[in-house]
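Asker: Input file: my_file_31.txt. Contents: compact mmCIF, C-alpha atoms.
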# COMPACT_ATOMS: atom_id res chain seq x y z
CA ALA C 16 0.00 0.00 0.00
CA ALA C 17 2.88 2.33 0.76
CA TYR C 18 4.27 1.74 -2.76
CA ILE C 19 0.92 2.64 -4.34
CA LYS C 20 0.66 5.82 -2.24
CA SER C 21 4.14 6.94 -3.21
CA GLY C 22 3.33 6.23 -6.89
CA MET C 23 0.16 8.31 -6.66
CA ASN C 24 2.09 11.15 -5.06
CA ARG C 25 4.55 11.06 -7.95
CA VAL C 26 1.67 11.23 -10.44
CA LYS C 27 0.17 14.19 -8.56
CA GLN C 28 3.52 15.97 -8.53
CA SER C 29 4.26 15.43 -12.22
CA TYR C 30 0.80 16.22 -13.67
CA GLY C 31 -0.59 18.81 -11.27
CA ARG C 32 -3.71 18.36 -9.13
CA PHE C 33 -6.42 16.33 -10.90
CA SER C 34 -9.76 15.18 -9.69
CA LEU C 35 -12.38 13.01 -11.34
CA ARG C 36 -14.78 15.94 -11.42
CA SER C 37 -12.26 18.16 -13.18
CA LEU C 38 -11.55 15.45 -15.76
CA TRP C 39 -15.29 14.95 -16.32
CA LYS C 40 -15.73 18.67 -16.89
CA ASN C 41 -12.63 18.75 -19.15
CA GLU C 42 -10.92 21.22 -16.85
CA LYS C 43 -7.47 21.08 -15.35
CA ILE C 44 -6.87 22.57 -11.94
CA GLU C 45 -3.45 24.16 -11.78
CA GLU C 46 -1.26 24.28 -8.68
CA GLY C 47 -2.46 27.78 -7.89
CA GLY C 48 -6.09 26.63 -7.93
CA GLU C 49 -7.19 28.38 -11.14
CA GLN C 50 -8.86 26.52 -13.96
CA THR C 51 -7.59 26.50 -17.53
CA LYS C 52 -9.74 26.39 -20.68
CA SER C 53 -11.33 23.09 -21.62
CA TRP C 54 -10.26 21.34 -24.80
CA LYS C 55 -13.61 22.26 -26.38
CA ARG C 56 -12.98 25.94 -25.76
CA LYS C 57 -9.41 25.65 -27.09
CA LEU C 58 -10.66 23.86 -30.22
CA GLY C 59 -13.29 26.55 -30.75
CA ASP C 60 -10.69 29.30 -30.42
CA TYR C 61 -8.38 27.50 -32.82
CA LEU C 62 -11.10 27.03 -35.45
CA TYR C 63 -12.15 30.68 -35.06
CA GLN C 64 -8.56 31.80 -35.71
CA ILE C 65 -8.34 29.60 -38.80
CA ALA C 66 -11.63 30.98 -40.13
CA ASP C 67 -10.43 34.53 -39.49
CA ASP C 68 -7.16 33.80 -41.34
CA TYR C 69 -9.07 32.45 -44.35
CA LYS C 70 -11.33 35.51 -44.29
CA GLN C 71 -8.29 37.81 -44.38
CA VAL C 72 -6.76 35.81 -47.25
CA ALA C 73 -10.02 36.09 -49.22
CA ILE C 74 -10.15 39.87 -48.65
CA ASP C 75 -6.49 40.28 -49.70
CA THR C 76 -6.99 38.08 -52.77
CA ALA C 77 -10.04 40.09 -53.87
CA GLY C 78 -8.06 43.31 -53.44
CA ASP C 79 -5.16 41.94 -55.49
CA ALA C 80 -7.56 40.75 -58.20
CA ARG C 81 -9.03 44.25 -58.47
CA SER C 82 -5.60 45.87 -58.71
CA HIS C 83 -4.20 43.30 -61.22
CA PRO C 84 -7.14 42.04 -63.33
CA ILE C 85 -5.08 40.42 -66.12
CA LYS C 86 -2.94 38.44 -63.71
CA ALA C 87 -6.07 37.35 -61.82
CA SER C 88 -7.83 36.24 -65.02
CA VAL C 89 -4.78 34.19 -66.05
CA TYR C 90 -4.77 32.49 -62.63
CA VAL C 91 -8.49 31.78 -62.83
CA ALA C 92 -8.11 30.35 -66.36
CA LEU C 93 -5.21 28.12 -65.32
CA THR C 94 -7.04 26.90 -62.23
CA THR C 95 -10.22 26.21 -64.21
CA GLY C 96 -8.27 24.37 -66.91
CA THR C 97 -6.45 22.26 -64.34
CA LEU C 98 -9.69 21.36 -62.55
CA TYR C 99 -11.32 20.44 -65.87
CA ALA C 100 -8.35 18.25 -66.82
CA TYR C 101 -8.45 16.57 -63.40
CA HIS C 102 -12.16 15.79 -63.62
CA SER C 103 -12.04 14.61 -67.24
CA ASN C 104 -8.93 12.42 -66.81
CA PRO C 105 -9.98 9.03 -68.19
CA ASP C 106 -9.43 5.72 -66.45
CA LEU C 107 -8.33 2.52 -68.21
CA GLU C 108 -11.91 1.27 -68.70
CA SER C 109 -12.95 4.48 -70.49
CA TYR C 110 -9.80 4.18 -72.61
CA HIS C 111 -10.85 0.65 -73.59
CA ALA C 112 -14.36 1.88 -74.43
CA GLU C 113 -13.00 4.72 -76.55
CA LEU C 114 -10.62 2.34 -78.33
CA SER C 115 -13.51 0.01 -79.17
CA SER C 116 -15.59 2.94 -80.39
CA ARG C 117 -12.79 4.18 -82.68
CA LYS C 118 -12.21 0.65 -83.98
CA ASN C 119 -15.92 0.35 -84.80
CA ASP C 120 -15.88 3.77 -86.53
CA LEU C 121 -12.91 2.67 -88.64
CA ASN C 122 -14.59 -0.62 -89.52
CA GLU C 123 -17.57 1.28 -90.97
CA ILE C 124 -15.27 2.70 -93.65
CA ALA C 125 -14.61 0.55 -96.68
CA GLY C 126 -11.25 -1.23 -96.69
CA SER C 127 -10.16 0.36 -99.97
CA VAL C 128 -10.48 3.90 -98.56
CA ARG C 129 -9.26 3.19 -95.04
CA ASN C 130 -5.91 4.64 -93.98
CA PRO C 131 -3.62 1.59 -93.63
CA ARG C 132 -1.50 3.16 -90.87
CA SER C 133 -4.58 3.99 -88.76
CA ASP C 134 -5.99 0.52 -89.33
CA ALA C 135 -2.71 -1.18 -88.36
CA HIS C 136 -2.33 1.02 -85.28
CA LEU C 137 -5.86 0.32 -84.04
CA ARG C 138 -5.48 -3.40 -84.73
CA ALA C 139 -2.24 -3.49 -82.72
CA LEU C 140 -3.83 -1.58 -79.82
CA ALA C 141 -6.86 -3.89 -79.88
CA GLU C 142 -4.55 -6.92 -79.77
CA GLN C 143 -2.59 -5.47 -76.84
CA ASN C 144 -5.88 -4.67 -75.13
CA ARG C 145 -7.05 -8.25 -75.63
CA THR C 146 -3.84 -9.69 -74.15
CA GLY C 147 -3.94 -7.29 -71.17
CA ALA C 148 -0.61 -5.62 -71.94
CA LEU C 149 -1.93 -2.04 -71.89
CA ARG C 150 -0.93 -0.12 -68.77
CA ARG C 151 -2.05 3.27 -67.43
CA LEU C 152 -0.42 5.75 -65.08
CA SER C 153 -2.56 8.62 -63.81
CA LEU C 154 -0.73 11.89 -63.21
CA GLY C 155 -3.84 13.61 -61.86
CA VAL C 156 -4.49 15.94 -64.79
CA ALA C 157 -3.31 13.56 -67.51
CA SER C 158 -2.78 9.84 -68.01
CA LEU C 159 0.01 7.91 -69.67
CA VAL C 160 -1.00 4.72 -71.48
CA TRP C 161 1.67 2.36 -72.75
CA VAL C 162 2.08 -1.16 -74.05
CA ASP C 163 3.92 -3.46 -71.68
CA ASP C 164 5.66 -6.68 -72.67
CA PHE C 165 3.48 -8.93 -70.50
CA ASP C 166 0.07 -9.09 -68.89
CA SER C 167 0.03 -7.84 -65.28
CA ASP C 168 -0.92 -11.34 -64.06
CA CYS C 169 1.96 -13.04 -65.89
CA ARG C 170 4.46 -14.70 -63.53
CA LEU C 171 7.13 -15.82 -65.99
CA TYR C 172 10.76 -15.34 -64.98
CA ARG C 173 11.29 -12.79 -67.73
CA ALA C 174 8.25 -10.80 -66.55
CA THR C 175 9.19 -10.72 -62.85
CA CYS C 176 13.00 -10.55 -62.76
CA LYS C 177 14.17 -6.97 -62.32
CA TYR C 178 17.55 -7.65 -63.97
CA VAL C 179 16.11 -8.48 -67.40
CA ARG C 180 13.76 -5.48 -67.52
CA PRO C 181 14.70 -2.61 -69.82
CA SER C 182 16.57 0.32 -68.29
CA TRP C 183 15.82 3.99 -68.82
CA ALA C 184 18.54 4.15 -71.49
CA ASP C 185 16.68 1.53 -73.55
CA PHE C 186 13.61 3.75 -74.01
CA ALA C 187 15.37 5.87 -76.62
CA GLU C 188 15.76 2.88 -78.93
Could you render the structure as structure tokens?

Answerer:
Amino acid sequence: AAYIKSGMNRVKQSYGRFSLRSLWKNEKIEEGGEQTKSWKRKLGDYLYQIADDYKQVAIDTAGDARSHPIKASVYVALTTGTLYAYHSNPDLESYHAELSSRKNDLNEIAGSVRNPRSDAHLRALAEQNRTGALRRLSLGVASLVWVDDFDSDCRLYRATCKYVRPSWADFAE
């Protein structure tokens, strides 16, 4: 019992004077007997300060936009364009759907009038799509689609070994 009492005294000394009632009310009683703000009050003050900061930024931004209208319109156009590109960035399924649509459009044209390069390109992409070798990397506002050597589920040695994969220098070839 003496050990427990000495441990409790150490807790009291290191954390100040606590009581169950003060913890329930989210108040801390300091050594001098005065109460500090509760965490709810501190959170409210913090959120009020953040809102006030954003209000000041909005007022300053509106003032700068009035004093420099061309610069502001360029910023608005770039922001709008970036948001549009982000929201219209296609995923791999929409790429597959668009590829099928273009292939069907090309098939409606007679073979004698069809551009042979376009036909060969779409046939190659359709074949890579069928084998699962098309890959996509989303950059947020744009996507890169490329043809990989193997399907993503392929577990051959050549497909999984990092030493036989092409290096960055091989991309130029």

Asker: For the contact check between range 131-174 of chain C and range 110-127 of chain C, emit one row per residue of range 131-174 of chain C within 9 Å, containing the shortest atom pair and the distance in Å rounded to one decimal, counting only C-alpha atoms, chain then rising number order, as a tab-separated table.

Answerer:
residue	atom	partner	partner_atom	distance
C:Pro131	CA	C:Gly126	CA	8.7
C:Ser133	CA	C:Leu121	CA	8.4
C:Asp134	CA	C:Leu121	CA	7.3
C:Leu137	CA	C:Lys118	CA	6.4
C:Arg138	CA	C:Lys118	CA	7.9
C:Leu140	CA	C:Leu114	CA	8.0
C:Ala141	CA	C:Leu114	CA	7.4
C:Asn144	CA	C:His111	CA	7.4
C:Val160	CA	C:Tyr110	CA	8.9

Asker: Work out how far CA of Asn130 in chain C is from CA of Ser109 in chain C, in Å to one decimal.

Answerer: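 The value is 24.5 Å.
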
Asker: Interatomic distance between CA of Arg180 in chain C and CA of Leu154 in chain C?

Answerer: 23.0 Å

Asker: Ranking C:Thr76, C:Ser158, C:Thr146, C:Ser88 by minimum distance to Pro105 in chain C and counting only C-alpha atoms, which one comes first?

Answerer: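 Among the listed residues, the smallest separation from Pro105 in chain C belongs to C:Ser158.
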
Asker: Rank nothing, just name the residue among C:Asp163, C:Val72, C:Asp67, C:Thr97 nearest to Pro181 in chain C, using all atoms listed in the file.

Answerer: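 Nearest to Pro181 in chain C: C:Asp163.
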
Asker: Let me make sure I understand: among C:Leu149, C:Ala73, C:Val179, C:Val91, which one has the smallest atom-to-atom distance to Leu107 in chain C if we use all atoms listed in the file?

Answerer: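 The shortest atom-to-atom distance to Leu107 in chain C comes from C:Leu149.
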
Asker: Could you give me, as a PyMOL selection string, the residues that sit within 12 Å of (-3.5, -11.8, -66.1) in the file's coordinates, counting all atoms listed in the file?

Answerer: chain C and resi 144-149+165-171+174

Asker: If you measure from CA of Ser153 in chain C to CA of Ala87 in chain C, what distance in Å do you get, rounded to one decimal?

Answerer: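 Separation of CA of Ser153 in chain C and CA of Ala87 in chain C: 29.0 Å.
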
Asker: So, with all atoms listed in the file as the atoms that count, which of C:Val162, C:Ala139, C:Ala184, C:Val156 lies closest to Ala100 in chain C?

Answerer: C:Val156

Asker: For each of C:Asp79, C:Leu159, C:Tyr90, C:Trp54, take the minimum atom-to-atom distance to Asp106 in chain C, counting only C-alpha atoms, then give the residue where this is smallest.

Answerer: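 Of C:Asp79, C:Leu159, C:Tyr90, C:Trp54, the one nearest Asp106 in chain C, counting only C-alpha atoms, is C:Leu159.
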